[in-house]
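**Q** Next up, upload10.txt (compact mmCIF, C-alpha atoms).
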```txt
# COMPACT_ATOMS: atom_id res chain seq x y z
CA MET L 1 14.56 -8.70 -37.90
CA ALA L 2 14.13 -5.11 -36.81
CA GLY L 3 11.49 -5.91 -34.26
CA PRO L 4 12.72 -9.40 -33.53
CA LEU L 5 11.31 -12.39 -35.35
CA GLY L 6 11.09 -14.12 -31.99
CA LEU L 7 8.21 -12.00 -30.75
CA LEU L 8 5.89 -12.60 -33.69
CA VAL L 9 2.53 -14.28 -33.20
CA PRO L 10 1.27 -14.86 -36.77
CA SER L 11 3.02 -17.12 -39.25
CA LEU L 12 5.31 -15.46 -41.77
CA THR L 13 6.15 -16.60 -45.28
CA PHE L 14 8.90 -14.86 -47.24
CA ALA L 15 9.67 -15.28 -50.94
CA ARG L 16 12.55 -13.93 -53.01
CA GLY L 17 12.03 -13.89 -56.77
CA ILE L 18 8.27 -13.15 -56.95
CA GLY L 19 6.11 -10.17 -56.02
CA PRO L 20 3.61 -10.03 -53.15
CA GLU L 21 0.53 -10.71 -55.31
CA GLU L 22 2.16 -13.80 -56.80
CA LEU L 23 3.13 -14.91 -53.29
CA ALA L 24 -0.52 -14.56 -52.26
CA ALA L 25 -1.59 -16.60 -55.31
CA ARG L 26 0.90 -19.36 -54.45
CA LEU L 27 -0.41 -19.35 -50.87
CA GLY L 28 -3.83 -20.28 -52.27
CA ALA L 29 -5.51 -16.86 -52.46
CA LEU L 30 -9.11 -17.23 -53.54
CA PRO L 31 -9.68 -15.36 -56.80
CA ASP L 32 -11.59 -12.09 -56.72
CA ILE L 33 -11.79 -11.93 -52.91
CA HIS L 34 -9.84 -8.89 -51.79
CA PRO L 35 -11.02 -7.59 -48.42
CA GLY L 36 -8.93 -4.45 -48.89
CA PRO L 37 -5.91 -3.24 -46.94
CA LEU L 38 -6.09 -4.71 -43.43
CA ALA L 39 -4.18 -4.29 -40.18
CA ALA L 40 -3.51 -7.39 -38.08
CA SER L 41 -6.54 -6.87 -35.82
CA ASP L 42 -8.86 -6.67 -38.84
CA ALA L 43 -7.36 -9.81 -40.38
CA TRP L 44 -7.74 -11.75 -37.11
CA SER L 45 -11.36 -10.56 -36.91
CA MET L 46 -12.04 -11.91 -40.39
CA VAL L 47 -10.58 -15.28 -39.47
CA THR L 48 -12.63 -15.64 -36.28
CA GLU L 49 -15.98 -14.40 -37.61
CA PRO L 50 -18.59 -17.01 -38.60
CA VAL L 51 -18.78 -18.01 -42.24
CA ASP L 52 -22.22 -16.43 -42.66
CA GLY L 53 -20.88 -13.07 -41.49
CA ASP L 54 -18.02 -11.19 -43.09
CA GLY L 55 -15.56 -13.99 -42.31
CA VAL L 56 -13.28 -15.80 -44.70
CA GLY L 57 -16.10 -17.86 -46.24
CA ASP L 58 -14.60 -20.74 -48.25
CA GLY L 59 -11.09 -19.88 -47.09
CA ASP L 60 -9.39 -20.68 -43.82
CA GLY L 61 -6.92 -17.82 -43.54
CA VAL L 62 -6.03 -14.26 -44.44
CA ALA L 63 -2.64 -13.26 -45.84
CA ARG L 64 -1.51 -9.64 -45.61
CA VAL L 65 1.28 -9.08 -48.12
CA GLY L 66 4.03 -6.59 -48.90
CA THR L 67 7.72 -6.21 -49.67
CA TRP L 68 10.70 -5.45 -47.49
CA GLY L 69 14.22 -5.43 -48.87
CA ASN L 70 14.45 -8.01 -51.63
CA TRP L 71 11.79 -10.27 -50.09
CA SER L 72 8.06 -10.38 -50.58
CA PHE L 73 6.32 -11.36 -47.37
CA ALA L 74 2.97 -12.65 -46.18
CA VAL L 75 1.74 -12.24 -42.63
CA GLU L 76 -0.63 -15.20 -42.28
CA HIS L 77 -3.62 -15.13 -39.95
CA GLY L 78 -5.65 -18.29 -39.36
CA MET L 79 -4.37 -21.48 -41.01
CA PRO L 80 -0.86 -20.80 -42.38
CA ALA L 81 -0.85 -21.90 -46.01
CA GLY L 82 2.90 -21.36 -46.20
CA ALA L 83 3.50 -24.39 -43.99
CA GLU L 84 1.83 -26.71 -46.52
CA ARG L 85 2.82 -24.99 -49.77
CA LEU L 86 6.42 -23.89 -49.26
CA ALA L 87 7.92 -26.12 -51.98
CA GLU L 88 5.18 -25.00 -54.39
CA ILE L 89 5.80 -21.35 -53.50
CA SER L 90 9.48 -21.81 -54.38
CA LEU L 91 8.94 -23.18 -57.90
CA GLY L 92 10.78 -21.51 -60.76
CA GLY L 93 13.98 -20.55 -58.94
CA VAL L 94 12.23 -18.78 -56.06
CA GLU L 95 13.53 -18.96 -52.49
CA ALA L 96 10.95 -19.26 -49.72
CA VAL L 97 11.18 -19.18 -45.92
CA HIS L 98 8.37 -20.03 -43.51
CA LEU L 99 8.36 -19.21 -39.80
CA ASP L 100 5.51 -20.59 -37.74
CA PRO L 101 5.26 -19.65 -34.03
CA GLN L 102 3.18 -22.77 -33.19
CA PRO L 103 1.67 -21.16 -30.05
CA ASP L 104 -0.51 -24.22 -29.34
CA HIS L 105 2.08 -26.88 -30.21
CA PRO L 106 5.64 -25.63 -29.64
CA PRO L 107 8.35 -25.46 -30.74
CA ARG L 108 8.37 -22.73 -33.35
CA GLN L 109 9.06 -24.08 -36.83
CA PHE L 110 11.43 -22.95 -39.57
CA ALA L 111 11.49 -24.19 -43.17
CA TYR L 112 13.44 -23.13 -46.26
CA ALA L 113 12.65 -24.16 -49.83
CA ARG L 114 14.29 -23.33 -53.15
CA ASP L 115 13.26 -24.11 -56.71
CA GLY L 116 10.44 -26.47 -55.77
CA GLU L 117 12.38 -28.42 -53.12
CA LEU L 118 12.24 -28.33 -49.32
CA VAL L 119 15.90 -27.72 -48.50
CA CYS L 120 15.96 -27.60 -44.71
CA CYS L 121 13.54 -27.48 -41.77
CA PHE L 122 13.62 -27.81 -37.99
CA GLY L 123 11.98 -26.72 -34.78
CA LEU L 124 13.67 -23.98 -32.75
CA GLY L 125 15.39 -25.69 -29.85
CA GLU L 126 15.28 -28.92 -31.85
CA GLU L 127 17.92 -28.00 -34.44
CA CYS L 128 19.57 -31.38 -33.94
CA TRP L 129 16.55 -32.96 -35.70
CA ARG L 130 16.70 -31.39 -39.13
CA GLY L 131 14.75 -32.41 -42.22
CA GLY L 132 14.65 -31.59 -45.92
CA HIS L 133 16.81 -32.61 -48.88
CA GLN L 134 19.84 -30.81 -47.40
CA PRO L 135 19.30 -31.04 -43.64
CA ASP L 136 22.82 -29.72 -42.95
CA PHE L 137 22.27 -26.59 -45.07
CA LEU L 138 22.53 -24.29 -42.03
CA LEU L 139 24.85 -26.47 -39.95
CA PRO L 140 27.91 -24.17 -40.34
CA GLU L 141 25.92 -21.16 -39.10
CA LEU L 142 24.38 -23.13 -36.22
CA VAL L 143 27.85 -24.35 -35.20
CA ALA L 144 29.30 -20.82 -35.39
CA ALA L 145 26.45 -19.59 -33.13
CA LYS L 146 27.30 -22.35 -30.60
CA ILE L 147 23.88 -23.96 -30.96
CA LEU L 148 25.10 -27.25 -32.46
CA SER L 149 28.40 -29.12 -32.47
CA PRO L 150 30.03 -29.93 -35.85
CA ASP L 151 28.44 -33.40 -35.72
CA GLY L 152 25.00 -31.82 -35.34
CA ALA L 153 24.42 -32.44 -31.62
CA TYR L 154 22.63 -29.82 -29.55
CA ILE L 155 25.08 -28.06 -27.17
CA ARG L 156 23.02 -25.37 -25.45
CA PRO L 157 22.50 -25.67 -21.66
CA GLU L 158 19.47 -27.82 -20.80
CA ASP L 159 18.14 -25.20 -18.40
CA GLU L 160 18.51 -22.29 -20.82
CA PRO L 161 15.32 -20.19 -21.07
CA TYR L 162 13.57 -20.94 -24.35
CA GLU L 163 13.41 -17.22 -25.19
CA GLU L 164 17.23 -17.06 -25.27
CA ARG L 165 17.45 -20.33 -27.19
CA ASP L 166 14.99 -19.09 -29.80
CA ARG L 167 16.70 -15.69 -30.03
CA LEU L 168 20.01 -17.31 -30.98
CA THR L 169 18.50 -19.40 -33.76
CA LEU L 170 16.37 -16.53 -35.08
CA ALA L 171 19.52 -14.37 -35.24
CA VAL L 172 21.14 -17.07 -37.40
CA LEU L 173 18.13 -17.08 -39.75
CA GLU L 174 17.99 -13.29 -39.93
CA ALA L 175 21.69 -13.06 -40.82
CA ARG L 176 21.74 -16.00 -43.29
CA PHE L 177 18.71 -14.92 -45.30
CA GLY L 178 18.77 -11.15 -44.75
CA LEU L 179 15.30 -11.22 -43.20
CA CYS L 180 14.21 -7.97 -41.61
CA LEU L 181 10.63 -6.92 -41.03
CA PRO L 182 9.65 -3.98 -38.81
CA ARG L 183 7.08 -4.83 -36.17
CA HIS L 184 4.68 -2.11 -37.36
CA LEU L 185 4.30 -3.91 -40.70
CA VAL L 186 3.36 -7.12 -38.93
CA GLU L 187 0.99 -5.62 -36.38
CA GLU L 188 -0.29 -2.21 -37.42
CA ALA L 189 0.18 -1.43 -41.10
CA ALA L 190 -2.82 -1.78 -43.39
CA LEU L 191 -1.52 -4.16 -46.05
CA PRO L 192 -3.13 -5.65 -49.16
CA ALA L 193 -5.01 -8.74 -47.97
CA PHE L 194 -6.15 -12.00 -49.55
CA VAL L 195 -8.34 -14.81 -48.29
CA THR L 196 -6.38 -18.07 -48.55
CA CYS L 197 -7.35 -21.71 -48.56
CA THR L 198 -4.94 -24.43 -47.45
CA LYS L 199 -7.03 -27.26 -48.95
```
What is this structure when it is put down as structure tokens?
**A**
Amino acid sequence: MAGPLGLLVPSLTFARGIGPEELAARLGALPDIHPGPLAASDAWSMVTEPVDGDGVGDGDGVARVGTWGNWSFAVEHGMPAGAERLAEISLGGVEAVHLDPQPDHPPRQFAYARDGELVCCFGLGEECWRGGHQPDFLLPELVAAKILSPDGAYIRPEDEPYEERDRLTLAVLEARFGLCLPRHLVEEAALPAFVTCTK
């Protein structure tokens, strides 16, 4: 990512094959609640305000959406709906990627779904424990980056700083999926926003 993925605080969901409004709908956007274009600080304020104020009301998150390259993206504030709905987001031949920084419960999480199926998922720094219907989907790239051995064992130094470890894996994801999102879009740009509900 131009403005590395590794430094992001909110969750990100990417989708290839649908537009940003459809991505918001698949994330559980509540109908007819459009708080207007929001920057990250405004979205975080909505999430943390009490329900009887101007907060998210019946929702539990805010998704700011847009497009970059051939991906639609959602910057998710509050509860990340993309974590729960990734397979659903990918229905109908769509590809979907979810990156969750997990600041309270590391490690950061990656998941990839295609056509209604969770293909591959793992925690950064825990690439040896992969899930999904094709857990070895990214194994060749992780081997080429000297993160895993061909049999899937973790081969990075045990004392390696986690920032470097995460940077290597994020570089693999950026290259494999063509993900690139300038930092100003994540943090500063006023983007169309939707209140989402993970329930």
**Q** For each of L:Phe73, L:Ala15, L:Val65, L:Gly152, take the minimum atom-to-atom distance to Glu95 (chain L), counting only C-alpha atoms, then give the residue where this is smallest.
**A**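 Nearest to Glu95 (chain L): L:Ala15.
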**Q** When distances are computed from all atoms listed in the file, which of L:Glu126, L:Ala40, L:Phe14, L:Glu158 shows the smallest separation from Glu174 (chain L)?
**A**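 Of all the options, L:Phe14 lies closest to Glu174 (chain L).
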**Q** Using all atoms listed in the file, pick whichever of L:Pro140, L:Ala87, L:His98, L:Leu38 has the shortest atom-to-atom distance to Asp115 (chain L).
**A** L:Ala87
**Q** Can you tell me, as a ChimeraX atom specification, what residues are no more than 10 Å from Thr67 (chain L) when counting all atoms listed in the file, ignoring any on the same chain fewer than 2 positions away?
**A** /L:14-16,19-20,65,69-74,181,185
**Q** Skipping near chain neighbours, those fewer than 2 positions away, what residues fall within 10 Å of Asp32 (chain L) using all atoms listed in the file, listed as a list of chain:residue names?
**A**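 The residues satisfying every condition are L:Ala29, L:Leu30, L:His34, L:Pro35, L:Phe194, L:Val195.
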**Q** Can you measure CA of Val97 (chain L) to CA of Tyr112 (chain L) for me? One decimal in Å is fine.
**A** 4.6 Å
**Q** CA of Ser11 (chain L) and CA of Gln109 (chain L), how far apart in Å?
**A**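 If I compute the distance from CA of Gln109 (chain L) to CA of Ser11 (chain L), I get 9.5 Å.
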**Q** Once you count only C-alpha atoms, what closest atom pair and distance in Å to one decimal does each residue of region 99-119 of chain L within 10 Å of region 83-86 of chain L have, with rows by chain and rising residue number, as a Markdown table?
**A**
```
| residue | atom | partner | partner_atom | distance |
| --- | --- | --- | --- | --- |
| L:Leu99 | CA | L:Ala83 | CA | 8.2 |
| L:Asp100 | CA | L:Ala83 | CA | 7.6 |
| L:Gln109 | CA | L:Ala83 | CA | 9.1 |
| L:Phe110 | CA | L:Ala83 | CA | 9.2 |
| L:Ala111 | CA | L:Leu86 | CA | 7.9 |
| L:Tyr112 | CA | L:Leu86 | CA | 7.7 |
| L:Ala113 | CA | L:Leu86 | CA | 6.3 |
| L:Arg114 | CA | L:Leu86 | CA | 8.8 |
| L:Gly116 | CA | L:Leu86 | CA | 8.1 |
| L:Glu117 | CA | L:Leu86 | CA | 8.4 |
| L:Leu118 | CA | L:Leu86 | CA | 7.3 |
```
**Q** Counting all atoms listed in the file, which residue out of L:Leu168, L:Val143, L:Met79, L:Val47 sits closest to Leu27 (chain L)?
**A**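 Of L:Leu168, L:Val143, L:Met79, L:Val47, the one nearest Leu27 (chain L), counting all atoms listed in the file, is L:Met79.
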**Q** Distance CA of Gln102 (chain L)-CA of Leu170 (chain L), one decimal place?
**A**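 Computed distance, CA of Gln102 (chain L) to CA of Leu170 (chain L), equals 14.7 Å.
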**Q** Around region 117-124 of chain L, fit a box with edges along x, y and z, padding it by 6 Å on each side, then list its centre and edge lengths in Å to one decimal as lines of an AutoDock Vina configuration file.
**A**
```
center_x = 14.0
center_y = -26.2
center_z = -42.9
size_x = 16.0
size_y = 16.4
size_z = 32.4
```
**Q** Counting all atoms listed in the file, which residue out of L:Pro31, L:Pro157, L:Gly36, L:Gly66 sits closest to Gly125 (chain L)?
**A** L:Pro157
**Q** May I ask which of the residues L:Gly93, L:Pro107, L:Pro37, L:Gly123 is the closest one to Gly17 (chain L), counting all atoms listed in the file?
**A**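 Smallest separation from Gly17 (chain L) among the options: L:Gly93.
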**Q** Do you know which residues lie at most 12 Å from (27.5, -29.0, -35.2), with coordinates as in the file and only C-alpha atoms counted, and could you write them as a PyMOL selection string?
**A** chain L and resi 127-130+135-156
